[in-house]
$ cat query_22.txt   # compact mmCIF, C-alpha atoms
# COMPACT_ATOMS: atom_id res chain seq x y z
CA MET Y 60 0.00 0.00 0.00
CA VAL Y 61 1.59 3.22 -1.21
CA GLN Y 62 1.84 5.73 1.64
CA ARG Y 63 -0.64 8.27 0.39
CA LEU Y 64 -3.71 10.00 1.78
CA ASP Y 65 -5.76 11.62 -0.98
CA MET Y 66 -8.98 12.81 0.62
CA ILE Y 67 -10.35 13.61 4.06
CA THR Y 68 -14.12 13.37 4.39
CA LEU Y 69 -15.92 15.08 7.26
CA GLY Y 70 -19.34 13.64 8.00
CA VAL Y 71 -21.29 16.79 8.82
CA PRO Y 72 -24.76 16.95 10.40
CA ASP Y 73 -25.80 19.86 8.15
CA LEU Y 74 -24.27 20.26 4.69
CA ASP Y 75 -25.60 23.79 4.16
CA ALA Y 76 -24.14 24.91 7.48
CA ALA Y 77 -20.83 23.27 6.53
CA ARG Y 78 -20.80 25.18 3.23
CA ARG Y 79 -21.54 28.43 5.08
CA PHE Y 80 -18.53 27.84 7.32
CA TYR Y 81 -15.94 26.54 4.86
CA VAL Y 82 -16.99 28.27 1.64
CA ASP Y 83 -18.70 31.49 2.73
CA GLY Y 84 -16.90 31.88 6.06
CA LEU Y 85 -13.33 30.80 5.36
CA GLY Y 86 -13.61 31.83 1.73
CA TRP Y 87 -12.58 28.49 0.27
CA THR Y 88 -13.55 27.64 -3.32
CA PRO Y 89 -15.17 24.28 -4.01
CA THR Y 90 -13.82 22.05 -6.75
CA LEU Y 91 -17.26 20.46 -7.02
CA ASP Y 92 -20.41 21.45 -5.16
CA VAL Y 93 -23.53 19.30 -5.47
CA PRO Y 94 -26.17 20.96 -3.27
CA GLY Y 95 -27.83 18.52 -0.91
CA GLU Y 96 -25.18 15.90 -1.60
CA VAL Y 97 -21.52 16.78 -1.22
CA VAL Y 98 -18.94 19.56 -1.42
CA PHE Y 99 -15.33 18.87 -2.47
CA ILE Y 100 -12.64 21.47 -1.73
CA GLN Y 101 -9.03 21.17 -2.88
CA VAL Y 102 -6.85 21.78 0.18
CA GLY Y 103 -3.37 21.70 -1.31
CA HIS Y 104 -1.38 19.80 -3.91
CA SER Y 105 -3.31 16.68 -4.95
CA ARG Y 106 -5.68 16.47 -2.01
CA LEU Y 107 -9.34 17.10 -1.27
CA LEU Y 108 -11.47 17.87 1.73
CA ALA Y 109 -14.98 16.47 1.30
CA LEU Y 110 -18.04 17.63 3.23
CA PHE Y 111 -20.63 14.87 3.23
CA GLY Y 112 -23.72 14.23 5.33
CA ALA Y 113 -22.86 12.41 8.55
CA GLU Y 114 -25.67 9.91 8.05
CA ASP Y 115 -24.74 9.44 4.41
CA LEU Y 116 -21.13 8.78 5.37
CA ALA Y 117 -22.11 6.33 8.10
CA ALA Y 118 -24.42 4.53 5.69
CA ASP Y 119 -21.75 4.38 3.00
CA ILE Y 120 -19.23 2.89 5.42
CA GLY Y 121 -21.87 0.60 6.91
CA GLY Y 122 -22.09 -0.42 10.53
CA VAL Y 123 -20.52 2.79 11.79
CA SER Y 124 -22.59 5.41 13.55
CA ALA Y 125 -22.01 9.08 12.87
CA GLU Y 126 -21.46 9.39 16.62
CA THR Y 127 -18.76 6.72 16.85
CA PRO Y 128 -15.56 8.10 18.32
CA ARG Y 129 -12.60 7.61 15.97
CA GLY Y 130 -14.14 6.93 12.63
CA GLY Y 131 -17.80 7.80 12.77
CA GLY Y 132 -17.19 11.35 11.70
CA VAL Y 133 -14.10 11.23 9.51
CA ALA Y 134 -13.01 8.99 6.66
CA LEU Y 135 -9.52 9.06 5.17
CA ALA Y 136 -9.35 8.03 1.53
CA HIS Y 137 -6.59 6.32 -0.42
CA ASN Y 138 -7.22 6.28 -4.14
CA VAL Y 139 -5.86 3.59 -6.44
CA GLY Y 140 -5.64 3.21 -10.19
CA SER Y 141 -7.81 0.17 -10.87
CA ASP Y 142 -10.76 -1.80 -9.51
CA GLU Y 143 -8.48 -4.76 -8.74
CA GLU Y 144 -6.21 -2.72 -6.51
CA VAL Y 145 -9.10 -1.89 -4.18
CA ALA Y 146 -9.39 -5.51 -3.03
CA GLU Y 147 -5.60 -5.90 -2.98
CA VAL Y 148 -5.06 -2.91 -0.70
CA LEU Y 149 -7.92 -3.99 1.58
CA ALA Y 150 -6.25 -7.41 1.90
CA THR Y 151 -2.95 -5.73 2.79
CA ALA Y 152 -4.68 -3.68 5.48
CA GLU Y 153 -6.37 -6.78 6.88
CA ARG Y 154 -3.07 -8.68 7.05
CA ALA Y 155 -1.58 -5.70 8.89
CA GLY Y 156 -4.28 -5.95 11.57
CA GLY Y 157 -7.06 -3.81 10.15
CA THR Y 158 -10.72 -4.78 10.06
CA ILE Y 159 -12.67 -4.83 6.80
CA LEU Y 160 -15.81 -2.74 7.22
CA LYS Y 161 -16.94 -3.03 3.60
CA PRO Y 162 -15.36 -5.43 1.12
CA ALA Y 163 -14.47 -4.18 -2.37
CA GLN Y 164 -17.63 -3.51 -4.36
CA ARG Y 165 -19.25 -1.11 -6.82
CA ALA Y 166 -19.78 2.30 -5.29
CA PHE Y 167 -22.96 4.32 -5.74
CA TRP Y 168 -20.85 6.97 -7.53
CA GLY Y 169 -19.80 4.51 -10.18
CA GLY Y 170 -16.35 3.32 -9.16
CA GLU Y 171 -15.05 0.60 -6.88
CA GLN Y 172 -14.67 1.06 -3.15
CA GLY Y 173 -14.17 -0.63 0.18
CA TYR Y 174 -13.53 0.46 3.76
CA PHE Y 175 -11.31 -0.77 6.55
CA ALA Y 176 -10.76 0.36 10.12
CA ASP Y 177 -7.30 0.55 11.64
CA PRO Y 178 -6.83 -1.19 15.02
CA PHE Y 179 -8.37 1.80 16.82
CA GLY Y 180 -11.38 2.36 14.58
CA PHE Y 181 -10.07 5.11 12.32
CA VAL Y 182 -11.78 4.58 8.96
CA TRP Y 183 -10.00 4.43 5.60
CA GLU Y 184 -11.75 4.19 2.25
CA ILE Y 185 -9.88 2.52 -0.60
CA ALA Y 186 -11.32 3.77 -3.86
CA HIS Y 187 -10.92 3.63 -7.60
CA ASN Y 188 -12.73 6.56 -9.16
CA PRO Y 189 -12.10 6.87 -12.91
CA GLY Y 190 -13.90 10.22 -12.88
CA LEU Y 191 -11.52 11.78 -10.38
CA VAL Y 192 -8.17 12.92 -11.74
CA PHE Y 193 -5.14 13.70 -9.60
CA ALA Y 194 -2.87 15.38 -12.15
CA ALA Y 195 0.91 15.53 -11.87
CA ASP Y 196 0.84 19.30 -11.37
CA GLY Y 197 -1.19 18.82 -8.18
CA SER Y 198 -4.55 19.85 -9.57
CA VAL Y 199 -7.55 17.66 -8.84
CA ARG Y 200 -10.61 17.56 -11.05
CA PHE Y 201 -13.78 15.59 -11.57
CA GLY Y 202 -15.15 14.29 -14.81
CA GLY Y 203 -11.70 13.78 -16.31
CA MET D 179 -7.28 31.57 5.40
CA VAL D 180 -5.56 29.83 2.52
CA GLN D 181 -7.40 26.61 1.61
CA ARG D 182 -4.79 24.12 2.71
CA LEU D 183 -4.68 21.08 4.97
CA ASP D 184 -1.10 20.15 5.87
CA MET D 185 -1.33 17.43 8.49
CA ILE D 186 -3.84 14.90 9.84
CA THR D 187 -3.22 13.76 13.39
CA LEU D 188 -4.82 10.57 14.67
CA GLY D 189 -5.05 10.38 18.45
CA VAL D 190 -4.26 6.70 19.04
CA PRO D 191 -4.75 4.82 22.32
CA ASP D 192 -1.47 2.90 21.83
CA LEU D 193 1.40 4.44 19.87
CA ASP D 194 3.38 1.20 19.60
CA ALA D 195 0.35 -0.61 18.23
CA ALA D 196 -0.19 2.24 15.77
CA ARG D 197 3.42 1.93 14.59
CA ARG D 198 2.99 -1.82 14.17
CA PHE D 199 -0.02 -1.23 11.95
CA TYR D 200 1.10 1.71 9.81
CA VAL D 201 4.87 1.17 9.70
CA ASP D 202 5.38 -2.58 10.08
CA GLY D 203 2.00 -3.65 8.69
CA LEU D 204 1.35 -1.30 5.79
CA GLY D 205 5.06 -0.81 5.21
CA TRP D 206 5.03 2.96 5.46
CA THR D 207 8.28 4.82 6.23
CA PRO D 208 8.23 7.44 8.98
CA THR D 209 9.64 10.89 8.31
CA LEU D 210 10.26 11.25 12.04
CA ASP D 211 9.72 8.62 14.74
CA VAL D 212 10.12 9.57 18.38
CA PRO D 213 9.35 6.40 20.37
CA GLY D 214 6.86 7.02 23.14
CA GLU D 215 5.94 10.40 21.71
CA VAL D 216 4.92 10.69 18.06
CA VAL D 217 5.32 9.23 14.59
CA PHE D 218 5.11 11.40 11.47
CA ILE D 219 4.59 9.77 8.07
CA GLN D 220 4.59 11.67 4.79
CA VAL D 221 1.43 10.63 2.91
CA GLY D 222 1.85 12.41 -0.39
CA HIS D 223 3.07 15.74 -1.75
CA SER D 224 3.51 18.20 1.13
CA ARG D 225 1.39 16.43 3.73
CA LEU D 226 1.88 14.39 6.87
CA LEU D 227 -0.04 11.84 8.86
CA ALA D 228 0.81 12.07 12.56
CA LEU D 229 0.24 9.30 15.10
CA PHE D 230 0.03 10.82 18.56
CA GLY D 231 -1.28 9.52 21.87
CA ALA D 232 -5.02 10.06 22.19
CA GLU D 233 -4.66 11.48 25.69
CA ASP D 234 -1.73 13.66 24.60
CA LEU D 235 -3.77 15.02 21.71
CA ALA D 236 -6.80 15.69 23.91
CA ALA D 237 -4.58 17.46 26.44
CA ASP D 238 -2.89 19.53 23.74
CA ILE D 239 -6.24 20.66 22.34
CA GLY D 240 -7.63 21.17 25.82
CA GLY D 241 -11.20 20.53 26.88
CA VAL D 242 -11.73 17.77 24.33
CA SER D 243 -11.92 14.14 25.37
CA ALA D 244 -10.25 11.46 23.28
CA GLU D 245 -13.71 9.87 23.11
CA THR D 246 -15.49 12.94 21.75
CA PRO D 247 -17.22 12.22 18.43
CA ARG D 248 -16.02 14.54 15.68
CA GLY D 249 -12.80 15.95 16.94
CA GLY D 250 -11.69 13.96 19.95
CA GLY D 251 -9.71 11.57 17.85
CA VAL D 252 -8.59 13.56 14.83
CA ALA D 253 -7.00 16.97 14.40
CA LEU D 254 -6.54 18.64 11.02
CA ALA D 255 -3.62 21.04 10.85
CA HIS D 256 -3.13 24.17 8.81
CA ASN D 257 0.42 25.50 8.95
CA VAL D 258 1.27 29.17 8.52
CA GLY D 259 4.50 31.06 8.03
CA SER D 260 4.69 33.24 11.14
CA ASP D 261 3.58 33.42 14.77
CA GLU D 262 1.34 36.40 13.99
CA GLU D 263 -0.62 34.49 11.36
CA VAL D 264 -1.72 31.90 13.93
CA ALA D 265 -3.87 34.46 15.76
CA GLU D 266 -5.03 36.01 12.49
CA VAL D 267 -6.28 32.72 11.09
CA LEU D 268 -7.95 31.78 14.37
CA ALA D 269 -9.78 35.13 14.26
CA THR D 270 -10.91 34.41 10.70
CA ALA D 271 -12.23 31.02 11.77
CA GLU D 272 -14.08 32.56 14.71
CA ARG D 273 -15.71 35.18 12.49
CA ALA D 274 -16.80 32.37 10.16
CA GLY D 275 -18.62 30.63 13.03
CA GLY D 276 -15.89 28.47 14.52
CA THR D 277 -15.19 28.14 18.24
CA ILE D 278 -11.74 28.87 19.63
CA LEU D 279 -10.61 25.88 21.70
CA LYS D 280 -7.11 27.21 22.42
CA PRO D 281 -6.05 30.79 21.66
CA ALA D 282 -2.71 31.39 19.94
CA GLN D 283 0.15 30.58 22.30
CA ARG D 284 3.58 28.99 22.52
CA ALA D 285 3.43 25.27 21.81
CA PHE D 286 5.34 22.68 23.84
CA TRP D 287 7.28 21.82 20.66
CA GLY D 288 8.60 25.33 20.39
CA GLY D 289 6.40 27.05 17.85
CA GLU D 290 3.10 28.91 18.02
CA GLN D 291 -0.25 27.15 17.92
CA GLY D 292 -3.95 27.43 18.54
CA TYR D 293 -7.01 25.27 17.93
CA PHE D 294 -10.53 25.93 16.75
CA ALA D 295 -13.55 23.70 16.21
CA ASP D 296 -15.76 24.06 13.17
CA PRO D 297 -19.53 24.35 13.85
CA PHE D 298 -19.77 20.56 14.26
CA GLY D 299 -16.78 20.00 16.52
CA PHE D 300 -14.17 18.98 13.94
CA VAL D 301 -10.85 20.22 15.31
CA TRP D 302 -8.31 22.29 13.37
CA GLU D 303 -4.90 23.27 14.65
CA ILE D 304 -3.33 26.44 13.29
CA ALA D 305 0.42 26.21 13.73
CA HIS D 306 3.66 27.95 12.97
CA ASN D 307 6.51 25.47 13.26
CA PRO D 308 9.85 26.92 12.13
CA GLY D 309 11.38 23.45 12.41
CA LEU D 310 8.99 21.89 9.92
CA VAL D 311 9.73 22.56 6.26
CA PHE D 312 7.24 22.01 3.43
CA ALA D 313 9.52 22.33 0.40
CA ALA D 314 8.33 23.32 -3.06
CA ASP D 315 9.11 19.87 -4.43
CA GLY D 316 6.59 18.35 -2.03
CA SER D 317 9.07 16.93 0.46
CA VAL D 318 8.48 17.54 4.14
CA ARG D 319 11.25 17.50 6.69
CA PHE D 320 11.91 18.37 10.30
CA GLY D 321 14.79 20.35 11.69
CA GLY D 322 15.07 22.51 8.59
$ encode --input "query_22.txt" --output "structure tokens"
Amino acid sequence: MVQRLDMITLGVPDLDAARRFYVDGLGWTPTLDVPGEVVFIQVGHSRLLALFGAEDLAADIGGVSAETPRGGGVALAHNVGSDEEVAEVLATAERAGGTILKPAQRAFWGGEQGYFADPFGFVWEIAHNPGLVFAADGSVRFGG
Amino acid sequence: MVQRLDMITLGVPDLDAARRFYVDGLGWTPTLDVPGEVVFIQVGHSRLLALFGAEDLAADIGGVSAETPRGGGVALAHNVGSDEEVAEVLATAERAGGTILKPAQRAFWGGEQGYFADPFGFVWEIAHNPGLVFAADGSVRFGG
């Protein structure tokens, strides 16, 4: 597993309030804003902060409450280059002592995904998203 | 406040177990490993994952339990270039609707720091660390 963290997702109780804070308040510019669904903000070279409904995030992970300490509210994402690598990286994490929360499968957004928890419950998503491009110059874009 | 996330700190209940998982298990190479204190791992261009004791992290933030959902276990760091900017960015976050958890002050590691919570309790550290260098080529090093 390459040592790379590509996205940090905050599971927020109110997406509009989150947009008011991060976009209107801090003045940050979204890379992609889908009202009622999700807001992605590039927060440096080749990385994204995602604001996503807390219940939506918990449901996507499965079996994790939005109120769970260490992992209910935050998901760390590691993106890979193919569907096959999702299962491979999850297997590596399991051998290392992680717990599979969601085996590799089709994601609702069209790619392949799975989740594991580290030994303390911190949640990592392993994802292959062909529509999400991390370019060499550090820019990140959707629909590529 | 520049839209940048520089470091993700996981407050772990057992630092040795965390090292076994991330370093021995996943095979990641630390940038700086101080046994009994902290492990920093570079996880991409100009960003770090920090493994830090959960109680140490809660104490550093102040007033936040390691078991608090959304923020007890994870801190997101935004690094700035001077001591003065720490207070300035905290003031920006407060005006945007954030709550100051720790006003700008000297940090135990020698720099300047402060913490705020976003409207949902997600914790951000604003820090000026002269000993931590984020180079233009994406490398991150300590003692620079």
$ residues_around --input "query_22.txt" --residues "Phe80 of chain Y" --least-positions-apart "2" --cutoff "9 Å" --atoms "only C-alpha atoms" --output "VMD selection string"
(chain Y and resid 75 to 78 82 to 86) or (chain D and resid 271 274 to 276 296 to 297)
$ closest_residue --input "query_22.txt" --among "D:Leu268, D:Leu210, D:Ala237, D:Ala282" --to "chain Y" --atoms "only C-alpha atoms"
D:Leu268
$ interface_residues --input "query_22.txt" --of "chain D" --to "chain Y" --cutoff "9 Å" --atoms "all atoms listed in the file" --output "PyMOL selection string"
chain D and resi 179-184+186+188-192+195-196+198-200+202-207+219-227+244-252+270-271+273-276+296-298+300+316
$ atom_distance --input "query_22.txt" --atom1 "atom CA of Thr187 of chain D" --atom2 "atom CA of Leu229 of chain D"
5.9 Å
$ calpha_fit_and_write --input "query_22.txt" --fixed "chain Y" --moving "chain D" --output "JSON list (two decimals) with C-alpha atoms, in the frame of the given file"
[["chain", "number", "residue", "atom", "x", "y", "z"],
["D", 179, "MET", "CA", -0.01, 0.00, 0.00],
["D", 180, "VAL", "CA", 1.59, 3.21, -1.21],
["D", 181, "GLN", "CA", 1.85, 5.73, 1.65],
["D", 182, "ARG", "CA", -0.64, 8.27, 0.40],
["D", 183, "LEU", "CA", -3.71, 10.00, 1.79],
["D", 184, "ASP", "CA", -5.77, 11.61, -0.99],
["D", 185, "MET", "CA", -8.98, 12.81, 0.62],
["D", 186, "ILE", "CA", -10.37, 13.62, 4.08],
["D", 187, "THR", "CA", -14.13, 13.37, 4.39],
["D", 188, "LEU", "CA", -15.91, 15.07, 7.27],
["D", 189, "GLY", "CA", -19.35, 13.64, 8.00],
["D", 190, "VAL", "CA", -21.29, 16.82, 8.83],
["D", 191, "PRO", "CA", -24.76, 16.95, 10.41],
["D", 192, "ASP", "CA", -25.79, 19.86, 8.14],
["D", 193, "LEU", "CA", -24.26, 20.26, 4.69],
["D", 194, "ASP", "CA", -25.59, 23.79, 4.16],
["D", 195, "ALA", "CA", -24.14, 24.90, 7.47],
["D", 196, "ALA", "CA", -20.84, 23.27, 6.53],
["D", 197, "ARG", "CA", -20.81, 25.18, 3.24],
["D", 198, "ARG", "CA", -21.54, 28.42, 5.08],
["D", 199, "PHE", "CA", -18.54, 27.83, 7.32],
["D", 200, "TYR", "CA", -15.93, 26.53, 4.87],
["D", 201, "VAL", "CA", -16.99, 28.27, 1.65],
["D", 202, "ASP", "CA", -18.70, 31.49, 2.73],
["D", 203, "GLY", "CA", -16.90, 31.87, 6.07],
["D", 204, "LEU", "CA", -13.33, 30.80, 5.37],
["D", 205, "GLY", "CA", -13.61, 31.82, 1.74],
["D", 206, "TRP", "CA", -12.60, 28.49, 0.28],
["D", 207, "THR", "CA", -13.55, 27.64, -3.32],
["D", 208, "PRO", "CA", -15.18, 24.28, -4.00],
["D", 209, "THR", "CA", -13.81, 22.05, -6.75],
["D", 210, "LEU", "CA", -17.25, 20.45, -7.01],
["D", 211, "ASP", "CA", -20.42, 21.45, -5.15],
["D", 212, "VAL", "CA", -23.52, 19.30, -5.47],
["D", 213, "PRO", "CA", -26.16, 20.97, -3.26],
["D", 214, "GLY", "CA", -27.82, 18.52, -0.92],
["D", 215, "GLU", "CA", -25.18, 15.90, -1.61],
["D", 216, "VAL", "CA", -21.50, 16.78, -1.23],
["D", 217, "VAL", "CA", -18.93, 19.55, -1.42],
["D", 218, "PHE", "CA", -15.33, 18.88, -2.46],
["D", 219, "ILE", "CA", -12.64, 21.47, -1.74],
["D", 220, "GLN", "CA", -9.04, 21.15, -2.89],
["D", 221, "VAL", "CA", -6.84, 21.77, 0.18],
["D", 222, "GLY", "CA", -3.38, 21.70, -1.30],
["D", 223, "HIS", "CA", -1.37, 19.79, -3.91],
["D", 224, "SER", "CA", -3.30, 16.68, -4.95],
["D", 225, "ARG", "CA", -5.69, 16.46, -2.01],
["D", 226, "LEU", "CA", -9.33, 17.11, -1.27],
["D", 227, "LEU", "CA", -11.47, 17.87, 1.73],
["D", 228, "ALA", "CA", -14.98, 16.47, 1.30],
["D", 229, "LEU", "CA", -18.04, 17.63, 3.23],
["D", 230, "PHE", "CA", -20.63, 14.88, 3.22],
["D", 231, "GLY", "CA", -23.72, 14.24, 5.32],
["D", 232, "ALA", "CA", -22.86, 12.43, 8.54],
["D", 233, "GLU", "CA", -25.67, 9.93, 8.06],
["D", 234, "ASP", "CA", -24.74, 9.45, 4.40],
["D", 235, "LEU", "CA", -21.13, 8.78, 5.36],
["D", 236, "ALA", "CA", -22.12, 6.34, 8.11],
["D", 237, "ALA", "CA", -24.42, 4.53, 5.68],
["D", 238, "ASP", "CA", -21.74, 4.39, 3.00],
["D", 239, "ILE", "CA", -19.22, 2.89, 5.42],
["D", 240, "GLY", "CA", -21.85, 0.61, 6.89],
["D", 241, "GLY", "CA", -22.09, -0.43, 10.52],
["D", 242, "VAL", "CA", -20.54, 2.78, 11.80],
["D", 243, "SER", "CA", -22.61, 5.41, 13.55],
["D", 244, "ALA", "CA", -22.03, 9.09, 12.86],
["D", 245, "GLU", "CA", -21.48, 9.39, 16.62],
["D", 246, "THR", "CA", -18.78, 6.73, 16.85],
["D", 247, "PRO", "CA", -15.55, 8.11, 18.32],
["D", 248, "ARG", "CA", -12.61, 7.62, 15.97],
["D", 249, "GLY", "CA", -14.14, 6.96, 12.63],
["D", 250, "GLY", "CA", -17.81, 7.81, 12.78],
["D", 251, "GLY", "CA", -17.20, 11.35, 11.69],
["D", 252, "VAL", "CA", -14.10, 11.22, 9.52],
["D", 253, "ALA", "CA", -13.01, 8.99, 6.65],
["D", 254, "LEU", "CA", -9.52, 9.06, 5.17],
["D", 255, "ALA", "CA", -9.35, 8.03, 1.53],
["D", 256, "HIS", "CA", -6.60, 6.32, -0.41],
["D", 257, "ASN", "CA", -7.22, 6.28, -4.15],
["D", 258, "VAL", "CA", -5.86, 3.59, -6.44],
["D", 259, "GLY", "CA", -5.64, 3.22, -10.19],
["D", 260, "SER", "CA", -7.81, 0.17, -10.87],
["D", 261, "ASP", "CA", -10.76, -1.80, -9.51],
["D", 262, "GLU", "CA", -8.49, -4.77, -8.76],
["D", 263, "GLU", "CA", -6.21, -2.72, -6.52],
["D", 264, "VAL", "CA", -9.10, -1.89, -4.18],
["D", 265, "ALA", "CA", -9.37, -5.51, -3.04],
["D", 266, "GLU", "CA", -5.59, -5.91, -2.99],
["D", 267, "VAL", "CA", -5.06, -2.94, -0.70],
["D", 268, "LEU", "CA", -7.91, -3.99, 1.58],
["D", 269, "ALA", "CA", -6.24, -7.41, 1.89],
["D", 270, "THR", "CA", -2.95, -5.74, 2.78],
["D", 271, "ALA", "CA", -4.68, -3.69, 5.47],
["D", 272, "GLU", "CA", -6.36, -6.79, 6.88],
["D", 273, "ARG", "CA", -3.07, -8.68, 7.05],
["D", 274, "ALA", "CA", -1.58, -5.69, 8.89],
["D", 275, "GLY", "CA", -4.28, -5.94, 11.58],
["D", 276, "GLY", "CA", -7.05, -3.80, 10.14],
["D", 277, "THR", "CA", -10.72, -4.78, 10.07],
["D", 278, "ILE", "CA", -12.65, -4.84, 6.81],
["D", 279, "LEU", "CA", -15.80, -2.74, 7.23],
["D", 280, "LYS", "CA", -16.93, -3.03, 3.60],
["D", 281, "PRO", "CA", -15.35, -5.45, 1.11],
["D", 282, "ALA", "CA", -14.47, -4.18, -2.37],
["D", 283, "GLN", "CA", -17.63, -3.50, -4.36],
["D", 284, "ARG", "CA", -19.24, -1.11, -6.82],
["D", 285, "ALA", "CA", -19.77, 2.31, -5.27],
["D", 286, "PHE", "CA", -22.96, 4.33, -5.73],
["D", 287, "TRP", "CA", -20.86, 6.98, -7.53],
["D", 288, "GLY", "CA", -19.81, 4.51, -10.16],
["D", 289, "GLY", "CA", -16.37, 3.34, -9.15],
["D", 290, "GLU", "CA", -15.05, 0.60, -6.88],
["D", 291, "GLN", "CA", -14.66, 1.06, -3.14],
["D", 292, "GLY", "CA", -14.16, -0.64, 0.18],
["D", 293, "TYR", "CA", -13.51, 0.46, 3.75],
["D", 294, "PHE", "CA", -11.31, -0.78, 6.55],
["D", 295, "ALA", "CA", -10.75, 0.37, 10.12],
["D", 296, "ASP", "CA", -7.29, 0.56, 11.63],
["D", 297, "PRO", "CA", -6.83, -1.19, 15.02],
["D", 298, "PHE", "CA", -8.38, 1.81, 16.80],
["D", 299, "GLY", "CA", -11.39, 2.36, 14.58],
["D", 300, "PHE", "CA", -10.06, 5.12, 12.31],
["D", 301, "VAL", "CA", -11.77, 4.59, 8.96],
["D", 302, "TRP", "CA", -10.00, 4.42, 5.59],
["D", 303, "GLU", "CA", -11.74, 4.18, 2.25],
["D", 304, "ILE", "CA", -9.88, 2.52, -0.61],
["D", 305, "ALA", "CA", -11.33, 3.76, -3.87],
["D", 306, "HIS", "CA", -10.92, 3.63, -7.60],
["D", 307, "ASN", "CA", -12.74, 6.57, -9.16],
["D", 308, "PRO", "CA", -12.12, 6.86, -12.91],
["D", 309, "GLY", "CA", -13.90, 10.22, -12.88],
["D", 310, "LEU", "CA", -11.52, 11.78, -10.37],
["D", 311, "VAL", "CA", -8.17, 12.91, -11.75],
["D", 312, "PHE", "CA", -5.13, 13.71, -9.60],
["D", 313, "ALA", "CA", -2.87, 15.39, -12.15],
["D", 314, "ALA", "CA", 0.91, 15.54, -11.88],
["D", 315, "ASP", "CA", 0.83, 19.30, -11.37],
["D", 316, "GLY", "CA", -1.19, 18.82, -8.18],
["D", 317, "SER", "CA", -4.56, 19.84, -9.57],
["D", 318, "VAL", "CA", -7.55, 17.65, -8.85],
["D", 319, "ARG", "CA", -10.61, 17.57, -11.05],
["D", 320, "PHE", "CA", -13.78, 15.59, -11.57],
["D", 321, "GLY", "CA", -15.15, 14.28, -14.82],
["D", 322, "GLY", "CA", -11.70, 13.76, -16.30]]
$ atom_distance --input "query_22.txt" --atom1 "atom CA of Ala236 of chain D" --atom2 "atom CA of Ala253 of chain D"
9.6 Å
